[in-house]
Structures are given as structure tokens and as C-alpha cells.
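**Q** As input, take structure27.txt (compact mmCIF, C-alpha atoms):
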# COMPACT_ATOMS: atom_id res chain seq x y z
CA MET A 1 41.87 -48.56 -64.22
CA SER A 2 40.02 -48.22 -60.91
CA ILE A 3 36.25 -47.87 -60.69
CA ILE A 4 36.46 -44.24 -59.58
CA ASP A 5 38.20 -43.31 -62.84
CA GLN A 6 34.72 -43.48 -64.37
CA ALA A 7 33.81 -40.32 -62.45
CA GLY A 8 36.56 -38.37 -64.21
CA SER A 9 39.16 -35.94 -62.88
CA PHE A 10 39.49 -32.20 -62.36
CA ASN A 11 42.26 -29.72 -61.68
CA LEU A 12 42.96 -28.83 -58.04
CA GLY A 13 45.90 -26.55 -57.42
CA GLY A 14 47.57 -27.48 -60.69
CA ARG A 15 47.20 -31.21 -60.10
CA SER A 16 44.66 -33.63 -61.53
CA VAL A 17 42.57 -35.36 -58.86
CA LYS A 18 39.82 -37.95 -59.13
CA ARG A 19 36.39 -36.39 -58.70
CA LEU A 20 35.57 -38.98 -56.05
CA GLY A 21 37.75 -38.32 -53.00
CA TYR A 22 37.50 -38.97 -49.29
CA GLY A 23 36.67 -36.74 -46.32
CA ALA A 24 38.39 -37.68 -43.07
CA MET A 25 36.06 -35.91 -40.62
CA GLN A 26 34.31 -39.10 -39.50
CA LEU A 27 37.58 -40.75 -38.49
CA ALA A 28 37.49 -38.81 -35.22
CA GLY A 29 35.24 -39.66 -32.30
CA PRO A 30 31.57 -38.68 -31.83
CA GLY A 31 30.98 -35.04 -32.69
CA VAL A 32 34.33 -35.01 -34.53
CA PHE A 33 35.94 -34.89 -31.10
CA GLY A 34 38.42 -37.25 -29.46
CA PRO A 35 39.76 -40.56 -30.78
CA PRO A 36 37.81 -42.98 -32.99
CA ARG A 37 35.89 -45.87 -31.50
CA ASN A 38 38.00 -48.28 -33.57
CA HIS A 39 41.50 -47.08 -34.41
CA GLY A 40 42.29 -50.07 -36.61
CA ALA A 41 39.13 -49.56 -38.65
CA ALA A 42 40.10 -45.91 -39.23
CA LEU A 43 43.48 -46.97 -40.61
CA ALA A 44 41.82 -49.60 -42.80
CA VAL A 45 39.40 -47.08 -44.36
CA LEU A 46 42.21 -44.72 -45.37
CA ARG A 47 44.32 -47.49 -46.84
CA GLU A 48 41.35 -48.92 -48.74
CA ALA A 49 40.53 -45.48 -50.14
CA VAL A 50 44.03 -44.92 -51.53
CA GLU A 51 44.31 -48.50 -52.81
CA SER A 52 40.99 -47.92 -54.63
CA GLY A 53 42.45 -44.94 -56.48
CA VAL A 54 41.44 -42.01 -54.27
CA ASN A 55 44.04 -39.25 -54.57
CA HIS A 56 42.19 -36.36 -52.85
CA ILE A 57 41.76 -36.47 -49.07
CA ASP A 58 40.09 -33.66 -47.14
CA THR A 59 40.99 -33.14 -43.49
CA SER A 60 41.74 -30.56 -40.78
CA ASP A 61 43.81 -30.48 -37.64
CA PHE A 62 40.74 -29.24 -35.76
CA TYR A 63 39.08 -32.61 -36.38
CA GLY A 64 39.66 -34.34 -33.07
CA PRO A 65 41.57 -32.01 -32.66
CA HIS A 66 44.75 -33.47 -34.21
CA VAL A 67 43.19 -36.95 -34.39
CA THR A 68 42.42 -37.33 -38.09
CA ASN A 69 45.74 -35.91 -39.26
CA GLN A 70 47.67 -38.23 -36.97
CA ILE A 71 45.66 -41.20 -38.26
CA ILE A 72 46.27 -40.14 -41.87
CA ARG A 73 49.99 -39.98 -41.20
CA GLU A 74 50.03 -43.38 -39.48
CA ALA A 75 48.02 -45.02 -42.26
CA LEU A 76 49.55 -43.46 -45.38
CA HIS A 77 52.94 -41.84 -44.69
CA PRO A 78 55.13 -41.75 -46.75
CA TYR A 79 52.45 -40.52 -49.13
CA ARG A 80 51.99 -41.51 -52.75
CA ASP A 81 53.25 -38.89 -55.18
CA ASP A 82 49.79 -38.32 -56.66
CA LEU A 83 47.99 -37.86 -53.31
CA VAL A 84 46.64 -34.36 -52.65
CA ILE A 85 45.80 -33.64 -49.00
CA VAL A 86 43.58 -30.61 -48.46
CA THR A 87 43.24 -29.17 -44.97
CA LYS A 88 41.45 -26.28 -43.25
CA ILE A 89 42.32 -23.60 -40.73
CA GLY A 90 40.27 -20.86 -39.09
CA ALA A 91 38.70 -22.69 -36.16
CA ARG A 92 39.70 -24.40 -32.95
CA ARG A 93 37.90 -26.72 -30.56
CA GLY A 94 36.78 -25.92 -27.04
CA THR A 95 37.22 -28.43 -24.22
CA ASP A 96 33.51 -29.22 -24.64
CA GLY A 97 33.94 -29.94 -28.37
CA SER A 98 32.56 -26.56 -29.46
CA TRP A 99 33.74 -24.89 -32.68
CA ILE A 100 35.42 -21.55 -32.00
CA PRO A 101 36.67 -19.00 -34.58
CA ALA A 102 40.48 -18.82 -34.67
CA PHE A 103 41.33 -15.95 -37.01
CA SER A 104 44.24 -14.20 -35.32
CA ARG A 105 47.69 -14.22 -36.94
CA GLU A 106 49.02 -16.38 -34.10
CA GLU A 107 46.17 -18.90 -34.32
CA LEU A 108 46.34 -19.23 -38.10
CA THR A 109 50.12 -19.60 -38.10
CA GLN A 110 49.96 -22.20 -35.33
CA ALA A 111 47.27 -24.08 -37.22
CA VAL A 112 49.45 -24.37 -40.34
CA HIS A 113 52.37 -25.65 -38.26
CA ASP A 114 50.08 -28.11 -36.44
CA ASN A 115 48.85 -29.49 -39.77
CA LEU A 116 52.42 -29.82 -41.06
CA ARG A 117 53.60 -31.61 -37.92
CA ASN A 118 50.69 -34.00 -37.54
CA LEU A 119 50.56 -34.88 -41.25
CA GLY A 120 54.33 -35.24 -41.44
CA LEU A 121 54.71 -32.76 -44.30
CA ASP A 122 57.11 -29.95 -45.14
CA VAL A 123 54.49 -28.08 -47.19
CA LEU A 124 50.68 -28.32 -47.33
CA ASP A 125 49.15 -28.93 -50.78
CA VAL A 126 45.98 -26.87 -50.28
CA VAL A 127 44.79 -24.98 -47.21
CA ASN A 128 41.19 -23.76 -47.03
CA LEU A 129 40.41 -20.78 -44.85
CA ARG A 130 37.27 -21.81 -42.95
CA ILE A 131 35.23 -18.61 -42.59
CA MET A 132 33.60 -18.56 -39.17
CA PHE A 133 31.40 -15.44 -39.13
CA ASP A 134 28.52 -17.93 -38.81
CA VAL A 135 29.24 -21.55 -37.89
CA HIS A 136 26.10 -22.76 -39.66
CA GLY A 137 26.61 -21.19 -43.08
CA PRO A 138 28.20 -18.42 -45.13
CA ALA A 139 27.85 -14.89 -43.75
CA GLU A 140 29.25 -11.65 -45.10
CA GLY A 141 32.32 -10.03 -43.59
CA SER A 142 35.79 -9.10 -44.76
CA ILE A 143 38.35 -11.90 -44.90
CA GLU A 144 41.25 -9.64 -45.83
CA ALA A 145 43.07 -9.90 -42.49
CA PRO A 146 43.05 -13.70 -42.03
CA LEU A 147 43.59 -14.43 -45.72
CA THR A 148 46.58 -12.08 -45.79
CA VAL A 149 48.12 -14.18 -43.00
CA LEU A 150 47.54 -17.35 -45.02
CA ALA A 151 48.98 -15.72 -48.14
CA ASP A 152 52.08 -14.77 -46.12
CA LEU A 153 52.49 -18.40 -45.08
CA GLN A 154 52.11 -19.35 -48.74
CA ARG A 155 54.93 -16.98 -49.70
CA GLN A 156 57.08 -18.57 -46.99
CA GLY A 157 56.70 -21.91 -48.79
CA LEU A 158 54.59 -23.62 -46.10
CA VAL A 159 51.42 -23.67 -48.25
CA ARG A 160 51.21 -24.32 -52.00
CA HIS A 161 47.61 -23.30 -52.72
CA VAL A 162 44.74 -21.56 -50.94
CA GLY A 163 41.00 -22.21 -50.93
CA LEU A 164 37.96 -20.93 -49.04
CA SER A 165 35.32 -22.77 -47.02
CA ASN A 166 31.89 -21.48 -45.95
CA ALA A 167 32.36 -18.55 -48.34
CA THR A 168 30.13 -16.09 -50.17
CA SER A 169 30.68 -14.86 -53.72
CA ARG A 170 31.75 -11.49 -52.37
CA GLN A 171 34.37 -13.11 -50.13
CA ILE A 172 35.69 -15.18 -53.03
CA ALA A 173 36.11 -11.99 -55.09
CA GLU A 174 37.85 -10.32 -52.14
CA GLY A 175 40.09 -13.35 -51.68
CA ARG A 176 41.17 -13.31 -55.33
CA ARG A 177 42.56 -9.83 -54.86
CA ILE A 178 44.93 -11.28 -52.25
CA THR A 179 45.90 -14.67 -53.68
CA GLU A 180 44.70 -17.29 -56.17
CA ILE A 181 41.71 -19.26 -54.88
CA VAL A 182 41.89 -22.83 -56.21
CA CYS A 183 38.77 -24.27 -54.58
CA VAL A 184 35.62 -23.40 -52.66
CA GLN A 185 34.12 -25.76 -50.09
CA ASN A 186 30.50 -25.03 -49.10
CA GLN A 187 27.36 -26.89 -48.14
CA TYR A 188 25.46 -28.05 -51.21
CA ASN A 189 23.25 -31.02 -52.01
CA LEU A 190 20.04 -32.05 -53.77
CA ALA A 191 17.88 -30.13 -51.31
CA TYR A 192 20.20 -27.25 -50.41
CA ARG A 193 20.97 -25.42 -53.66
CA ALA A 194 21.97 -21.91 -52.55
CA ASP A 195 25.24 -22.13 -54.52
CA ASP A 196 23.76 -23.04 -57.92
CA GLU A 197 24.89 -19.80 -59.57
CA LEU A 198 28.26 -19.85 -57.79
CA ILE A 199 29.01 -23.38 -58.98
CA ASP A 200 28.36 -22.39 -62.59
CA ASP A 201 30.55 -19.28 -62.24
CA LEU A 202 33.39 -21.32 -60.75
CA ALA A 203 33.05 -23.95 -63.48
CA ARG A 204 33.53 -21.30 -66.17
CA GLU A 205 36.67 -20.14 -64.35
CA GLY A 206 38.07 -23.66 -63.91
CA THR A 207 37.85 -23.51 -60.11
CA ALA A 208 36.99 -26.61 -58.10
CA TYR A 209 33.86 -26.69 -55.93
CA VAL A 210 33.74 -29.18 -53.05
CA PRO A 211 30.29 -29.72 -51.52
CA PHE A 212 29.83 -31.06 -48.01
CA PHE A 213 26.79 -32.65 -46.29
CA PRO A 214 25.54 -34.44 -49.45
CA LEU A 215 22.51 -35.75 -47.50
CA GLY A 216 22.10 -32.91 -44.99
CA GLY A 217 18.86 -31.14 -44.09
CA PHE A 218 16.36 -33.15 -46.14
CA THR A 219 12.64 -32.99 -45.35
CA PRO A 220 10.78 -36.31 -44.99
CA LEU A 221 9.23 -35.86 -48.44
CA GLN A 222 12.58 -35.09 -50.03
CA SER A 223 14.10 -38.14 -48.37
CA SER A 224 11.21 -40.25 -49.66
CA THR A 225 11.75 -38.99 -53.20
CA LEU A 226 15.45 -39.82 -53.03
CA SER A 227 14.74 -43.28 -51.62
CA ASP A 228 12.20 -43.99 -54.37
CA VAL A 229 14.69 -43.09 -57.11
CA ALA A 230 17.40 -45.16 -55.41
CA ALA A 231 15.12 -48.20 -55.20
CA ARG A 232 14.32 -47.97 -58.93
CA LEU A 233 18.05 -47.86 -59.74
CA ASP A 234 18.99 -50.60 -57.27
CA ALA A 235 21.30 -48.17 -55.51
CA THR A 236 21.54 -46.56 -52.09
CA PRO A 237 20.20 -43.03 -51.46
CA MET A 238 23.77 -41.87 -50.78
CA GLN A 239 24.97 -43.26 -54.12
CA VAL A 240 22.17 -41.49 -55.97
CA ALA A 241 22.82 -38.19 -54.17
CA LEU A 242 26.52 -38.40 -55.00
CA ALA A 243 25.85 -39.40 -58.61
CA TRP A 244 23.59 -36.36 -59.04
CA LEU A 245 26.37 -34.11 -57.73
CA LEU A 246 28.83 -35.63 -60.21
CA ARG A 247 26.34 -34.97 -63.00
CA ARG A 248 25.59 -31.43 -61.77
CA ALA A 249 28.90 -29.84 -62.86
CA GLU A 250 32.31 -31.07 -63.96
CA ASN A 251 34.14 -28.91 -61.39
CA ILE A 252 32.44 -30.61 -58.43
CA LEU A 253 34.82 -32.76 -56.37
CA LEU A 254 33.22 -35.10 -53.85
CA ILE A 255 34.64 -35.95 -50.42
CA PRO A 256 32.10 -38.34 -48.83
CA GLY A 257 33.29 -39.48 -45.42
CA THR A 258 32.81 -42.70 -43.53
CA SER A 259 34.51 -44.80 -40.86
CA SER A 260 33.45 -48.09 -42.52
CA VAL A 261 35.29 -49.90 -45.32
CA GLY A 262 31.99 -51.32 -46.55
CA HIS A 263 30.39 -47.89 -46.73
CA LEU A 264 33.49 -46.51 -48.43
CA ARG A 265 33.20 -49.13 -51.16
CA GLU A 266 29.53 -48.23 -51.67
CA ASN A 267 30.42 -44.55 -52.00
CA LEU A 268 33.20 -45.18 -54.50
CA ALA A 269 30.92 -47.46 -56.55
CA THR A 270 28.91 -44.32 -57.30
CA ALA A 271 31.38 -43.67 -60.13
CA SER A 272 29.73 -46.42 -62.17
CA LEU A 273 26.13 -45.31 -61.49
CA ALA A 274 24.63 -43.71 -64.59
CA LEU A 275 21.55 -41.64 -63.78
CA PRO A 276 18.90 -41.69 -66.51
CA ASP A 277 17.59 -38.29 -67.59
CA ASP A 278 14.20 -38.78 -65.95
CA ALA A 279 15.88 -39.49 -62.61
CA VAL A 280 18.08 -36.41 -62.95
CA TRP A 281 14.98 -34.30 -63.64
CA GLU A 282 13.10 -35.74 -60.65
CA LEU A 283 16.08 -35.29 -58.33
CA SER A 284 16.76 -31.76 -59.52
CA ARG A 285 13.23 -30.78 -58.45
CA MET A 286 13.83 -31.89 -54.86
CA ALA A 287 14.89 -28.42 -53.73
CA ASP A 288 11.35 -27.24 -54.53
CA ILE A 289 9.60 -30.07 -52.65
CA ALA A 290 7.97 -28.92 -49.40
CA ALA A 291 7.70 -31.01 -46.24
Can the structure in the file be given as C-alpha cells, please?
**A**
Amino acid sequence: MSIIDQAGSFNLGGRSVKRLGYGAMQLAGPGVFGPPRNHGAALAVLREAVESGVNHIDTSDFYGPHVTNQIIREALHPYRDDLVIVTKIGARRGTDGSWIPAFSREELTQAVHDNLRNLGLDVLDVVNLRIMFDVHGPAEGSIEAPLTVLADLQRQGLVRHVGLSNATSRQIAEGRRITEIVCVQNQYNLAYRADDELIDDLAREGTAYVPFFPLGGFTPLQSSTLSDVAARLDATPMQVALAWLLRRAENILLIPGTSSVGHLRENLATASLALPDDAVWELSRMADIAA
């Protein structure tokens, strides 16, 4: 048994995955653009993750672009039978590294084929539609047209399962009228709790929720509170933040990213960190702490 087994598992697209996974975004260069500073280190992180029991990797062909998927293929192909690779479409990168919506039928279809080619796959396990009405967070707007394209690609056998990223509750409901939604990937952490009700709703329905930016947007006082709790538990702030997310709901799947083997090991060690009830209470109040 690996250490991350202590965090448990959850269903993702009909397959059981460990609740501690790995996000590949940081394998690309600065700003998630261009090649990594250390190609060998990027390969080593991926191999260490899988050897440590990780069987859920999150990526996208617009990371780099193309960079992270090509590194994943070089490091791990042929893939282990239990490995679930989740990717995203719906954006492209400008020559300056900007993030540009890519919602046309041609762009979405090309994105699926790019992911297939660069990952070396015949079919993609899970594809999240990244909703780009607002780059910085969920914003209302119909997703019927782009999601219908993705559902068509699913019927063609190029995609097994579909998820949504940067989505509102209304968009999730709209998406379910088009195809099954197996996961939702939104920003959520100790300080940013806009999806509290959504997480509980998804948990009741057995749908996975994948939070990103586990330490994003903290005020100095919030950061101080987290650091104080971490010091008492002889843990890092990142470990405590991840442990709170694991405790928050059983349908939460974590994908912390890093380009360092040492940092990866610290993240995965979170599985063995038991938060006492008083720490959970103190951490849960962080969203209400002002600067």
C-alpha cells in the first residue's frame, strides 16, 4: 500500500482514482508557456508521482502549448492500465502567452486531436470543457454550442467522459442535458469558498469536484493563520491546506502541481496528515478572516 492510499479513492468516469493526484501545469515554462527550465526534472517528477501510486494526472495541450502532454508521453508511455489522464479544451495560447477562448467547432475538434497525438492515445479518458466567458472565474453564458461539439467527439469514440472547468451551477445543469458530466474543476480553497454549496450538491450526486489554486488569493492574515496551524502540526502550509480539502468532502480530488520531486513528496505525504477537530474549525473560519 502506498502512502496516498490513506487519502482514499473516488469514482471518476467509472474508474476509481486516488484522491491525491498530480497536476501537470507547472511542468511547462514560466507562465505555463514554453519548455521547462529542466526537462530531466520534469520527467523525474512524473515518474515519481506514478511510482508513488498516483493514478490521476491533470493536463491540457494548451499548457506550453503542447509541452506538458509531450513530456507526459515521454515519461510515462505506454501508460499503466490504472492511470486516468484528464485534459482540457476550450482555450488556446497567443504568441505572447495570453489565454484566448477557443470555442469554435474547428478549434475544439483540433484540440481533441492535438491532445490525442501529443499524449499518444487513441481515446481520451476525460476531457473538461474550459469555459472562457471570463478567464478569471466562472461567468454565466450558454455552453450548449461548444459542449455539443465535445459530445459529438465523444460519440465518435475519441472521448470517453466529459467534465466542465470554470463552471457555474447553471452551466452544469445545462451540460447535463447534453451529456453526462463526470467532474467539475473550479477554483476553491480555504479562503475562496464560493463553491461550498456546489460541492455538497455534487457529492450527493456522486460527481467528482477538482479544486485548483489550493493556496491562491490569501490575505496576509489568512496566510498567517494557515502558517500557525501548520507549525503546530509540524507540517507545511501546503500540506495543511490540502489536508483540509481532503477532509472537506469525499468527492474532492486533489491535483497539486510542482516541478520538484521533493515538493511532490511533501504534497503526497499529506495523505497521512490527520487534522484535529480544533484545527479544522480554525481553518474553516479562514474565509471570514479580513486582511
**Q** Which residues are close to Leu190 (chain A), i.e. within 7 Å by all atoms listed in the file, leaving aside same-chain residues fewer than 5 positions away? Reply as a PyMOL selection string.
**A** chain A and resi 241+283-284+286-287
**Q** Residues of region 61-106 of chain A that approach region 158-162 of chain A to 12 Å or less, counting all atoms listed in the file: could you list each one with the shortest pair of atoms and its distance in Å to one decimal, rows by chain and increasing residue number, as a Markdown table?
**A**
| residue | atom | partner | partner_atom | distance |
| --- | --- | --- | --- | --- |
| A:Val84 | CA | A:Arg160 | CA | 11.1 |
| A:Ile85 | CA | A:His161 | CA | 11.1 |
| A:Val86 | CA | A:His161 | CA | 9.4 |
| A:Thr87 | CA | A:Val162 | CA | 9.8 |
| A:Lys88 | CA | A:Val162 | CA | 9.6 |
| A:Ile89 | CA | A:Val162 | CA | 10.7 |
**Q** Keeping only C-alpha atoms, write the selected residues to a file as a PDB file, in the frame of the given file.
**A**
ATOM      1  CA  VAL A  84      46.640 -34.360 -52.650  1.00  0.00           C
ATOM      2  CA  ILE A  85      45.800 -33.640 -49.000  1.00  0.00           C
ATOM      3  CA  VAL A  86      43.580 -30.610 -48.460  1.00  0.00           C
ATOM      4  CA  THR A  87      43.240 -29.170 -44.970  1.00  0.00           C
ATOM      5  CA  LYS A  88      41.450 -26.280 -43.250  1.00  0.00           C
ATOM      6  CA  ILE A  89      42.320 -23.600 -40.730  1.00  0.00           C
TER       7      ILE A  89
END
**Q** As a PyMOL selection string, please: the residues near region 13-19 of chain A (cut-off 12 Å, all atoms listed in the file, same-chain neighbours under 4 positions excluded).
**A** chain A and resi 1-9+49-50+52-57+81-86+124-128+159-163+180-184+206-211+242-243+245-247+249-256+268+270-271
**Q** Would you mind reading off the distance between CA of Gly120 (chain A) and CA of Arg73 (chain A), one decimal, in Å?
**A**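 It comes out at 6.4 Å.
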**Q** Can you work out the spacing between CA of Ser169 (chain A) and CA of Gly21 (chain A) in Å, to one decimal?
**A**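 So the two atoms, CA of Ser169 (chain A) and CA of Gly21 (chain A), lie 24.5 Å apart.
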**Q** Pick the closest to Asp234 (chain A) from A:Arg105, A:Ala44, A:Leu202, A:Leu273: which is it, counting only C-alpha atoms?
**A** A:Leu273
**Q** So what do you get for CA of Val45 (chain A) versus CA of Phe213 (chain A), distance-wise?
**A**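 These atoms are spaced 19.3 Å apart.
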**Q** Which residues are near Asp114 (chain A)? Cut-off 8 Å, only C-alpha atoms, ignore same chain within fewer than 4 positions. Put them as JSON, numbers by chain.
**A** {"A": [61, 66, 110, 118]}
**Q** Check the smallest atom-to-atom distance from each of A:Leu275, A:Ile143, A:Val32, A:Leu76 to Gly97 (chain A) using only C-alpha atoms, then report the winner.
**A**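 Result for the nearest residue to Gly97 (chain A): A:Val32.
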**Q** When you count only C-alpha atoms, which of these residues is closest to Leu233 (chain A): A:Pro276, A:Gly157, A:Gly34, A:Gly64?
**A** A:Pro276
**Q** Which residue is closest to Ala42 (chain A)? Choose from A:Val67, A:Thr225, A:Ser60, A:Phe133 and count all atoms listed in the file.
**A** A:Val67
**Q** For Trp244 (chain A), which residue out of A:Ser223, A:Ser260, A:Asn189, A:Thr168 is the nearest one, using only C-alpha atoms?
**A**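 Smallest separation from Trp244 (chain A) among the options: A:Asn189.
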**Q** Which residues are close to Gly94 (chain A), i.e. within 10 Å by all atoms listed in the file, leaving aside same-chain residues fewer than 6 positions away? Reply as a list of chain:residue names.
**A**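 Those residues are A:Phe33, A:Pro65, A:Ile100.
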**Q** Select, from A:Val112, A:Ala151, A:Ile71, A:Ala167, the residue with the minimum atom-to-atom distance to Ile131 (chain A), counting all atoms listed in the file.
**A**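 The shortest atom-to-atom distance to Ile131 (chain A) comes from A:Ala167.
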**Q** Hey, could you make a per-residue contact list for region 9-115 of chain A against region 144-148 of chain A with 9 Å as the cut-off, showing the nearest pair of atoms and its distance in Å to one decimal, counting all atoms listed in the file, sorted by chain and number, as a tab-separated table?
**A**
residue	atom	partner	partner_atom	distance
A:Gly90	CA	A:Pro146	CA	8.2
A:Phe103	CA	A:Pro146	CA	5.8
A:Ser104	CA	A:Pro146	CA	6.8
A:Arg105	CA	A:Pro146	CA	6.9
A:Leu108	CA	A:Pro146	CA	7.5
**Q** Would you write out those residues with C-alpha atoms, as a PDB file, in the frame of the given file?
**A**
ATOM      1  CA  GLY A  90      40.270 -20.860 -39.090  1.00  0.00           C
ATOM      2  CA  PHE A 103      41.330 -15.950 -37.010  1.00  0.00           C
ATOM      3  CA  SER A 104      44.240 -14.200 -35.320  1.00  0.00           C
ATOM      4  CA  ARG A 105      47.690 -14.220 -36.940  1.00  0.00           C
ATOM      5  CA  LEU A 108      46.340 -19.230 -38.100  1.00  0.00           C
TER       6      LEU A 108
END
